[in-house]
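Colleague: Here's a structure for you.
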There are 2 protein chains.
Amino acid sequence: MSRRVDQPATHARMQDVAKRASVSAMTVSRALRDPSQVSEKTRRRITRAIRDVGYVPNELAGGLRTLNRTKLVAAIVPSVRNSLFAATSQGMSDALRAHGINLMLGDSHYSPDEETNLVTAFLAQRPCGIILHDAVRSSHTRKLLRKASIPIVEVGDLTRRPLDMAVSYSNFAAAQAMTRHLLARGYRRIAFASLPPAITARSAARLRGYQAALREARRHADPALIIGVESGFASGAEALVRLVAAGADAIFFAGDVLAVGAALECQRRGWSVPERVALASFDDHEIAAQVTPALTALRIPRYEIGRRAAELILERHNGVKHRKPVVIDMGFEIVARAST
Amino acid sequence: MSRRVDQPATHARMQDVAKRASVSAMTVSRALRDPSQVSEKTRRRITRAIRDVGYVPNELAGGLRTLNRTKLVAAIVPSVRNSLFAATSQGMSDALRAHGINLMLGDSHYSPDEETNLVTAFLAQRPCGIILHDAVRSSHTRKLLRKASIPIVEVGDLTRRPLDMAVSYSNFAAAQAMTRHLLARGYRRIAFASLPPAITARSAARLRGYQAALREARRHADPALIIGVESGFASGAEALVRLVAAGADAIFFAGDVLAVGAALECQRRGWSVPERVALASFDDHEIAAQVTPALTALRIPRYEIGRRAAELILERHNGVKHRKPVVIDMGFEIVARAST
DNA sequence: CTGTTAGCGCGTTCAA
DNA sequence: TTGAACGCGCTAACAG
């Protein structure tokens with residue numbers, strides 16, 4: 001060992017491998033990145049030496065030298081544990097892993113400020129790409145992102161002017177489609193319950209979709225039938241009671257598991273669905289199909305969105321030139337079930 | 001700019017900031033890491049210059065220089081999207097963020113081989129700590145982990161001999177406690193349904209806990225009442241039917257959302273719970289409390305486990321010497337509800 | 001309080 | 001096919 005004594009134990013360096021294989025570090029480097037440049041015999045000695053000393057290449061140093069970038073893609077979602085965003089994260093993770101790139105994941109707790117801080121913290125790690133669920137508000141941060149000149153994908157909603165690229169479904173179109181579905185089924189007093197302002201941008205787009213559908217049908221949106229509620233099953237149950245009291249004959253729950261909470265509350269109260277009130281859900285959680293009656297829901301391709309977003313970054317990484325701006329609409333689907 | 005022309009745009013360097021503020025790079029470095037060492041006036045110039053050029057410190061280079069480590073903690077869970085593991089990931093993420101450290105997250109898809117590959121890929125990034133949900137089997141990989149000489153925390157189960165540290169609940173004790181609960185309620189033919197072999201280690205520990213409780217009560221475990229099933233609501237429903245047919249008067253679902261699936265199936269069939277059959281769940285999913293009747297469940301502090309695991313890494317990082325081996329039992333709780 | 005020198009581990013470039 | 005020198009961006013150690 002040429003290393004200084006008194007040093008805490010650390011990883012073996014390429015140099016250590018080289019010494020053991022009686023070659024130079026350079027040859028080890030080549031053997032790892034393009035084995036064809038190294039003779040069979042030398043290669044075998046090196047491979048052995050790598051195992052012997054337990055060498056793990058230092059991507060930190062390598063990244064600094066080559067691109068000043070790590071083989072990491074950073075992603076920011078509103079919540080790590082929320083199963084909807086987790087599905088998207090899974091899509092990213094799977095696609096990236098297949099190409100030897102790893103995922104750096106953080107969440108904003110639905111706070112624009114935290115998101116801003118996280119962006120900076122992530123950029124400091126020099127990722128080779130970044131995926132943002134929500135649009136970044138701070139103009140300084142947007143500037144930093146552009147300056148980073150790495151591929152950026154936004155996935156929370158379709159946007160006309162992405163920072164760089166966007167992969168999503170349209171919150172507006174999805175809400176509009178579900179409202180049309182309810183109108184087509186003959187419901188006249190369709191209520192809309194969505195999450196609180198924290199996620200304004202998306203909630204607002206959904207509300208506009210709902211209103212647009214009503215307008216098309218020459219119907220007036222009764223303000224008493226539009227409410228914002230907290231997340232969670234219990235909130236769904238509460239919203240149900242309030243909206244039925246306000247005369248709703250159908251409720252479109254535009255977020256989280258609200259619709260499931262409402263469905264379970266109907267069971268407890270013995271309210272028949274959809275006779276007394278019809279229920280529709282924004283996301284098709286696995287549980288939505290299991291309650292009685294099964295819930296009509298929008299199926300959003302969340303996993304696929306994550307996968308596609310990661311693929312875009314990989315493509316760019318491999319030199320593919322996209323004609324900017326790239327905006328990919330991954331669509332959605334209405335799964336009509338017994339609740340409407 | 002001193003940078004070579006023809007170079008693709010890239011981040012500003014500390015040098016660029018220094019030039020703009022008419023100081024040396026070293027002063028910029030100090031202003032960032034210990035502002036008290038720099039005069040007020042200089043500091044202001046530097047702060048301004050940083051904003052002007054949109055400088056984001058390069059942790060890649062800094063990490064290489066200081067510790068040969070990034071400010072990243074790597075974590076490997078069986079599945080990114082599964083809400084149970086996601087809760088643990090959230091705990092890690094929150095605790096780390098509070099200390100300016102980021103999370104590198106990957107999943108093994110429940111495969112020991114993929115986990116092994118991922119460990120190597122992660123170590124190559126030189127994280128300052130690593131959190132593993134499942135115990136690493138490959139002895140070569142275990143060797144690499146030890147050689148990395150970074151804090152390692154295992155969180156999937158309590159173990160006698162952790163690689164380094166462990167934070168978890170005891171799968172054995174939890175299953176034993178729930179089985180005792182069912183015995184105390186007077187059930188005589190208690191069935192056990194758990195997930196398939198992929199997660200053997202934990203499933204096996206749970207099975208042993210179940211068997212131990214029966215033995216204590218001088219009861220024989222009827223092999224017909226012990227089954228392994230796939231994950232998902234539908235599997236829970238199927239298992240319910242099979243086990244009731246086999247004469248079970250209580251079923252302990254030792255994994256995933258099986259118990260919820262069974263509860264919903266009981267509703268559909270009009271089977272009264274717990275009269276016809278009692279149901280108990282391993283994890284206290286939010287939905288477990290919402291179905292009718294509400295499910296008795298084990299409350300596992302998954303978020304807290306993630307948080308504590310991250311904290312252990314941070315402590316070690318800050319020089320705290322733990323008396324090895326560190327094994328922290330975070331316990332569990334039985335939430336008795338109407339289903340038993 | 002501020003600047004200079006040197007080098008973290010690797011890969012590019014050039015020479016042998 | 002292999003090796004030596006240099007530098008990626010930053011910071012520890014030492015000077016001034």
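Each chain in the structure tokens gets a letter, A, B, ..., in the order shown, and its residues are numbered from 1; ligands are numbered from 1 in order too.
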Could you list the residues in chain B lying within 10 Å of chain D, using only C-alpha atoms (C1' of nucleotides), and format the result as a PDB file with C-alpha atoms, in the first residue's frame?
Modeller:
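For reference, result_16.pdb as written:
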ATOM      1  CA  ARG B  13     -16.984  27.498 -11.348  1.00  0.00           C
ATOM      2  CA  MET B  14     -15.845  28.857  -8.062  1.00  0.00           C
ATOM      3  CA  GLN B  15     -13.083  30.501 -10.034  1.00  0.00           C
ATOM      4  CA  ALA B  25     -11.232  30.960  -5.147  1.00  0.00           C
ATOM      5  CA  MET B  26     -10.128  30.007  -1.670  1.00  0.00           C
ATOM      6  CA  SER B  29     -14.768  28.558  -0.606  1.00  0.00           C
ATOM      7  CA  ARG B  30     -14.416  29.910   2.904  1.00  0.00           C
ATOM      8  CA  PRO B  57     -21.282  24.704  -5.621  1.00  0.00           C
ATOM      9  CA  ASN B  58     -19.928  21.530  -7.142  1.00  0.00           C
ATOM     10  CA  GLU B  59     -20.316  18.903  -4.442  1.00  0.00           C
ATOM     11  CA  LEU B  60     -18.811  16.401  -6.804  1.00  0.00           C
ATOM     12  CA  ALA B  61     -15.438  18.112  -6.721  1.00  0.00           C
ATOM     13  CA  GLY B  62     -15.759  19.105  -3.087  1.00  0.00           C
ATOM     14  CA  GLY B  63     -16.633  15.588  -2.050  1.00  0.00           C
ATOM     15  CA  LEU B  64     -13.689  14.164  -3.941  1.00  0.00           C
ATOM     16  CA  ARG B  65     -11.331  16.526  -2.230  1.00  0.00           C
ATOM     17  CA  THR B  66     -12.586  16.293   1.338  1.00  0.00           C
TER      18      THR B  66
END
Colleague: Residues of chain B near chain A: apply a cut-off of 6 Å, count only C-alpha atoms, and supply the list as a VMD selection string.
Modeller: chain B and resid 11 56 to 60 80 to 81 86 to 87 90 103 to 105 124 to 125 148
Colleague: Would you write out those residues with C-alpha atoms, as a PDB file, in the first residue's frame?
Modeller:
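Output file out14.pdb is given in full below:
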ATOM      1  CA  HIS B  11     -21.973  25.560 -14.584  1.00  0.00           C
ATOM      2  CA  VAL B  56     -24.117  26.315  -7.599  1.00  0.00           C
ATOM      3  CA  PRO B  57     -21.282  24.704  -5.621  1.00  0.00           C
ATOM      4  CA  ASN B  58     -19.928  21.530  -7.142  1.00  0.00           C
ATOM      5  CA  GLU B  59     -20.316  18.903  -4.442  1.00  0.00           C
ATOM      6  CA  LEU B  60     -18.811  16.401  -6.804  1.00  0.00           C
ATOM      7  CA  VAL B  80     -40.200   1.901  -4.469  1.00  0.00           C
ATOM      8  CA  ARG B  81     -43.940   2.053  -4.967  1.00  0.00           C
ATOM      9  CA  ALA B  86     -42.386   4.138   0.767  1.00  0.00           C
ATOM     10  CA  ALA B  87     -43.196   5.154   4.335  1.00  0.00           C
ATOM     11  CA  GLN B  90     -40.086   9.012   3.465  1.00  0.00           C
ATOM     12  CA  LEU B 103     -31.257  10.266  -0.787  1.00  0.00           C
ATOM     13  CA  MET B 104     -30.243   7.908  -3.543  1.00  0.00           C
ATOM     14  CA  LEU B 105     -33.026   5.357  -3.792  1.00  0.00           C
ATOM     15  CA  ALA B 124     -19.438   3.340  -6.868  1.00  0.00           C
ATOM     16  CA  GLN B 125     -21.112   6.681  -6.209  1.00  0.00           C
ATOM     17  CA  ALA B 148     -16.500   0.774   2.241  1.00  0.00           C
TER      18      ALA B 148
END
Colleague: May I have a table of the residues of chain C lying at most 10 Å from chain B, giving each one's closest pair of atoms and their distance in Å to one decimal, counting only C-alpha atoms (C1' of nucleotides), ordered by chain and ascending residue number, as a tab-separated table?
Modeller:
residue	atom	partner	partner_atom	distance
C:DC1	C1'	B:Val38	CA	6.3
C:DT2	C1'	B:Thr27	CA	6.9
C:DG3	C1'	B:Ser24	CA	6.7
C:DT4	C1'	B:Met26	CA	9.6
C:DG7	C1'	B:Arg65	CA	8.2
C:DC8	C1'	B:Arg65	CA	4.4
C:DG9	C1'	B:Leu64	CA	7.9
Colleague: For the residues in the current selection, export C-alpha atoms (C1' of nucleotides) as a compact mmCIF listing (two decimals), in the first residue's frame.
Modeller:
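What follows is the written file part-v5.txt:
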# COMPACT_ATOMS: atom_id res chain seq x y z
C1' DC C 1 -8.50 38.15 6.95
C1' DT C 2 -6.63 36.45 2.47
C1' DG C 3 -3.71 34.00 -1.02
C1' DT C 4 -0.62 30.05 -2.74
C1' DG C 7 -3.52 16.76 -4.64
C1' DC C 8 -8.26 13.88 -3.99
C1' DG C 9 -8.91 9.42 -8.13
Colleague: Using DSSP on the backbone, list every residue of region 122-207 of chain B that comes out as strand (DSSP E or B), and give them as a PyMOL selection string.
Modeller: chain B and resi 129-132+152-154+165-168+190-194
Colleague: So the first atom is CA of Ala239 (chain A) and the second is CA of Leu295 (chain A); what is the distance between them in Å, to one decimal place?
Modeller: 16.5 Å
Colleague: Would you mind listing what lies within 7 Å of region 214-228 of chain A as a PDB file with C-alpha atoms, in the first residue's frame, with only C-alpha atoms (C1' of nucleotides) counted and same-chain residues fewer than 5 positions away left out?
Modeller:
ATOM      1  CA  ALA A 191     -70.441  18.131  -7.466  1.00  0.00           C
ATOM      2  CA  PHE A 192     -66.686  18.593  -7.552  1.00  0.00           C
ATOM      3  CA  ALA A 193     -64.478  17.909  -4.527  1.00  0.00           C
ATOM      4  CA  SER A 194     -60.762  18.424  -4.789  1.00  0.00           C
ATOM      5  CA  LEU A 195     -57.694  18.824  -2.647  1.00  0.00           C
ATOM      6  CA  PRO A 196     -56.724  22.058  -0.918  1.00  0.00           C
ATOM      7  CA  LEU A 243     -72.445  17.530  -0.881  1.00  0.00           C
ATOM      8  CA  ALA A 246     -76.377  20.319  -0.825  1.00  0.00           C
ATOM      9  CA  ALA A 248     -75.674  16.590  -5.389  1.00  0.00           C
TER      10      ALA A 248
END
Colleague: Assign secondary structure with DSSP using the backbone only, and return the residues of region 19-58 of chain B in alpha helix (DSSP H) as a VMD selection string.
Modeller: chain B and resid 19 to 21 25 to 33 40 to 53
Colleague: For the selection you just gave me, I'd like the residues written to a file as a PDB file, in the first residue's frame, keeping N, CA and C atoms.
Modeller:
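Printed below is out02.pdb as written:
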ATOM      1  N   LYS B  19     -13.296  35.581  -9.590  1.00  0.00           N
ATOM      2  CA  LYS B  19     -12.861  36.647 -10.484  1.00  0.00           C
ATOM      3  C   LYS B  19     -13.802  37.838 -10.398  1.00  0.00           C
ATOM      4  N   ARG B  20     -15.111  37.534 -10.426  1.00  0.00           N
ATOM      5  CA  ARG B  20     -16.115  38.589 -10.408  1.00  0.00           C
ATOM      6  C   ARG B  20     -16.076  39.381  -9.102  1.00  0.00           C
ATOM      7  N   ALA B  21     -15.705  38.690  -8.019  1.00  0.00           N
ATOM      8  CA  ALA B  21     -15.671  39.369  -6.721  1.00  0.00           C
ATOM      9  C   ALA B  21     -14.271  39.886  -6.411  1.00  0.00           C
ATOM     10  N   ALA B  25     -10.235  32.018  -5.285  1.00  0.00           N
ATOM     11  CA  ALA B  25     -11.232  30.960  -5.147  1.00  0.00           C
ATOM     12  C   ALA B  25     -11.316  30.482  -3.702  1.00  0.00           C
ATOM     13  N   MET B  26     -10.185  30.470  -3.048  1.00  0.00           N
ATOM     14  CA  MET B  26     -10.128  30.007  -1.670  1.00  0.00           C
ATOM     15  C   MET B  26     -11.042  30.840  -0.774  1.00  0.00           C
ATOM     16  N   THR B  27     -11.074  32.118  -1.014  1.00  0.00           N
ATOM     17  CA  THR B  27     -11.921  32.991  -0.195  1.00  0.00           C
ATOM     18  C   THR B  27     -13.398  32.697  -0.446  1.00  0.00           C
ATOM     19  N   VAL B  28     -13.701  32.409  -1.676  1.00  0.00           N
ATOM     20  CA  VAL B  28     -15.086  32.043  -1.981  1.00  0.00           C
ATOM     21  C   VAL B  28     -15.439  30.762  -1.237  1.00  0.00           C
ATOM     22  N   SER B  29     -14.536  29.825  -1.290  1.00  0.00           N
ATOM     23  CA  SER B  29     -14.768  28.558  -0.606  1.00  0.00           C
ATOM     24  C   SER B  29     -15.042  28.793   0.876  1.00  0.00           C
ATOM     25  N   ARG B  30     -14.228  29.613   1.477  1.00  0.00           N
ATOM     26  CA  ARG B  30     -14.416  29.910   2.904  1.00  0.00           C
ATOM     27  C   ARG B  30     -15.732  30.633   3.164  1.00  0.00           C
ATOM     28  N   ALA B  31     -16.035  31.586   2.312  1.00  0.00           N
ATOM     29  CA  ALA B  31     -17.270  32.350   2.502  1.00  0.00           C
ATOM     30  C   ALA B  31     -18.476  31.413   2.506  1.00  0.00           C
ATOM     31  N   LEU B  32     -18.358  30.331   1.742  1.00  0.00           N
ATOM     32  CA  LEU B  32     -19.481  29.405   1.679  1.00  0.00           C
ATOM     33  C   LEU B  32     -19.522  28.465   2.872  1.00  0.00           C
ATOM     34  N   ARG B  33     -18.352  28.004   3.299  1.00  0.00           N
ATOM     35  CA  ARG B  33     -18.356  26.968   4.329  1.00  0.00           C
ATOM     36  C   ARG B  33     -18.225  27.511   5.748  1.00  0.00           C
ATOM     37  N   GLU B  40     -16.999  40.968   6.420  1.00  0.00           N
ATOM     38  CA  GLU B  40     -18.340  41.371   5.994  1.00  0.00           C
ATOM     39  C   GLU B  40     -18.361  41.896   4.562  1.00  0.00           C
ATOM     40  N   LYS B  41     -17.417  42.795   4.284  1.00  0.00           N
ATOM     41  CA  LYS B  41     -17.422  43.450   2.981  1.00  0.00           C
ATOM     42  C   LYS B  41     -17.174  42.437   1.850  1.00  0.00           C
ATOM     43  N   THR B  42     -16.132  41.656   2.031  1.00  0.00           N
ATOM     44  CA  THR B  42     -15.805  40.653   1.026  1.00  0.00           C
ATOM     45  C   THR B  42     -16.964  39.685   0.829  1.00  0.00           C
ATOM     46  N   ARG B  43     -17.532  39.306   1.952  1.00  0.00           N
ATOM     47  CA  ARG B  43     -18.631  38.333   1.919  1.00  0.00           C
ATOM     48  C   ARG B  43     -19.763  38.857   1.053  1.00  0.00           C
ATOM     49  N   ARG B  44     -20.070  40.128   1.220  1.00  0.00           N
ATOM     50  CA  ARG B  44     -21.180  40.691   0.439  1.00  0.00           C
ATOM     51  C   ARG B  44     -20.861  40.671  -1.051  1.00  0.00           C
ATOM     52  N   ARG B  45     -19.628  41.020  -1.371  1.00  0.00           N
ATOM     53  CA  ARG B  45     -19.246  40.991  -2.788  1.00  0.00           C
ATOM     54  C   ARG B  45     -19.394  39.577  -3.350  1.00  0.00           C
ATOM     55  N   ILE B  46     -18.952  38.618  -2.550  1.00  0.00           N
ATOM     56  CA  ILE B  46     -19.012  37.233  -2.998  1.00  0.00           C
ATOM     57  C   ILE B  46     -20.454  36.772  -3.169  1.00  0.00           C
ATOM     58  N   THR B  47     -21.280  37.080  -2.187  1.00  0.00           N
ATOM     59  CA  THR B  47     -22.690  36.698  -2.268  1.00  0.00           C
ATOM     60  C   THR B  47     -23.323  37.251  -3.537  1.00  0.00           C
ATOM     61  N   ARG B  48     -22.988  38.493  -3.819  1.00  0.00           N
ATOM     62  CA  ARG B  48     -23.518  39.120  -5.029  1.00  0.00           C
ATOM     63  C   ARG B  48     -23.031  38.394  -6.282  1.00  0.00           C
ATOM     64  N   ALA B  49     -21.744  38.140  -6.298  1.00  0.00           N
ATOM     65  CA  ALA B  49     -21.153  37.474  -7.465  1.00  0.00           C
ATOM     66  C   ALA B  49     -21.784  36.102  -7.687  1.00  0.00           C
ATOM     67  N   ILE B  50     -22.058  35.421  -6.593  1.00  0.00           N
ATOM     68  CA  ILE B  50     -22.665  34.093  -6.700  1.00  0.00           C
ATOM     69  C   ILE B  50     -24.020  34.187  -7.383  1.00  0.00           C
ATOM     70  N   ARG B  51     -24.796  35.152  -6.945  1.00  0.00           N
ATOM     71  CA  ARG B  51     -26.111  35.337  -7.574  1.00  0.00           C
ATOM     72  C   ARG B  51     -25.950  35.737  -9.034  1.00  0.00           C
ATOM     73  N   ASP B  52     -25.036  36.661  -9.277  1.00  0.00           N
ATOM     74  CA  ASP B  52     -24.862  37.155 -10.641  1.00  0.00           C
ATOM     75  C   ASP B  52     -24.537  36.053 -11.638  1.00  0.00           C
ATOM     76  N   VAL B  53     -23.609  35.206 -11.278  1.00  0.00           N
ATOM     77  CA  VAL B  53     -23.201  34.180 -12.238  1.00  0.00           C
ATOM     78  C   VAL B  53     -24.024  32.908 -12.093  1.00  0.00           C
TER      79      VAL B  53
END
Colleague: For CA of Ser339 (chain B) and CA of His181 (chain B), quote the distance in Å rounded to one decimal.
Modeller: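 The value is 12.1 Å.
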Colleague: How many Å lie between CA of Ser231 (chain A) and CA of Ala297 (chain A), rounded to one decimal?
Modeller: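 These two atoms are separated by 17.3 Å.
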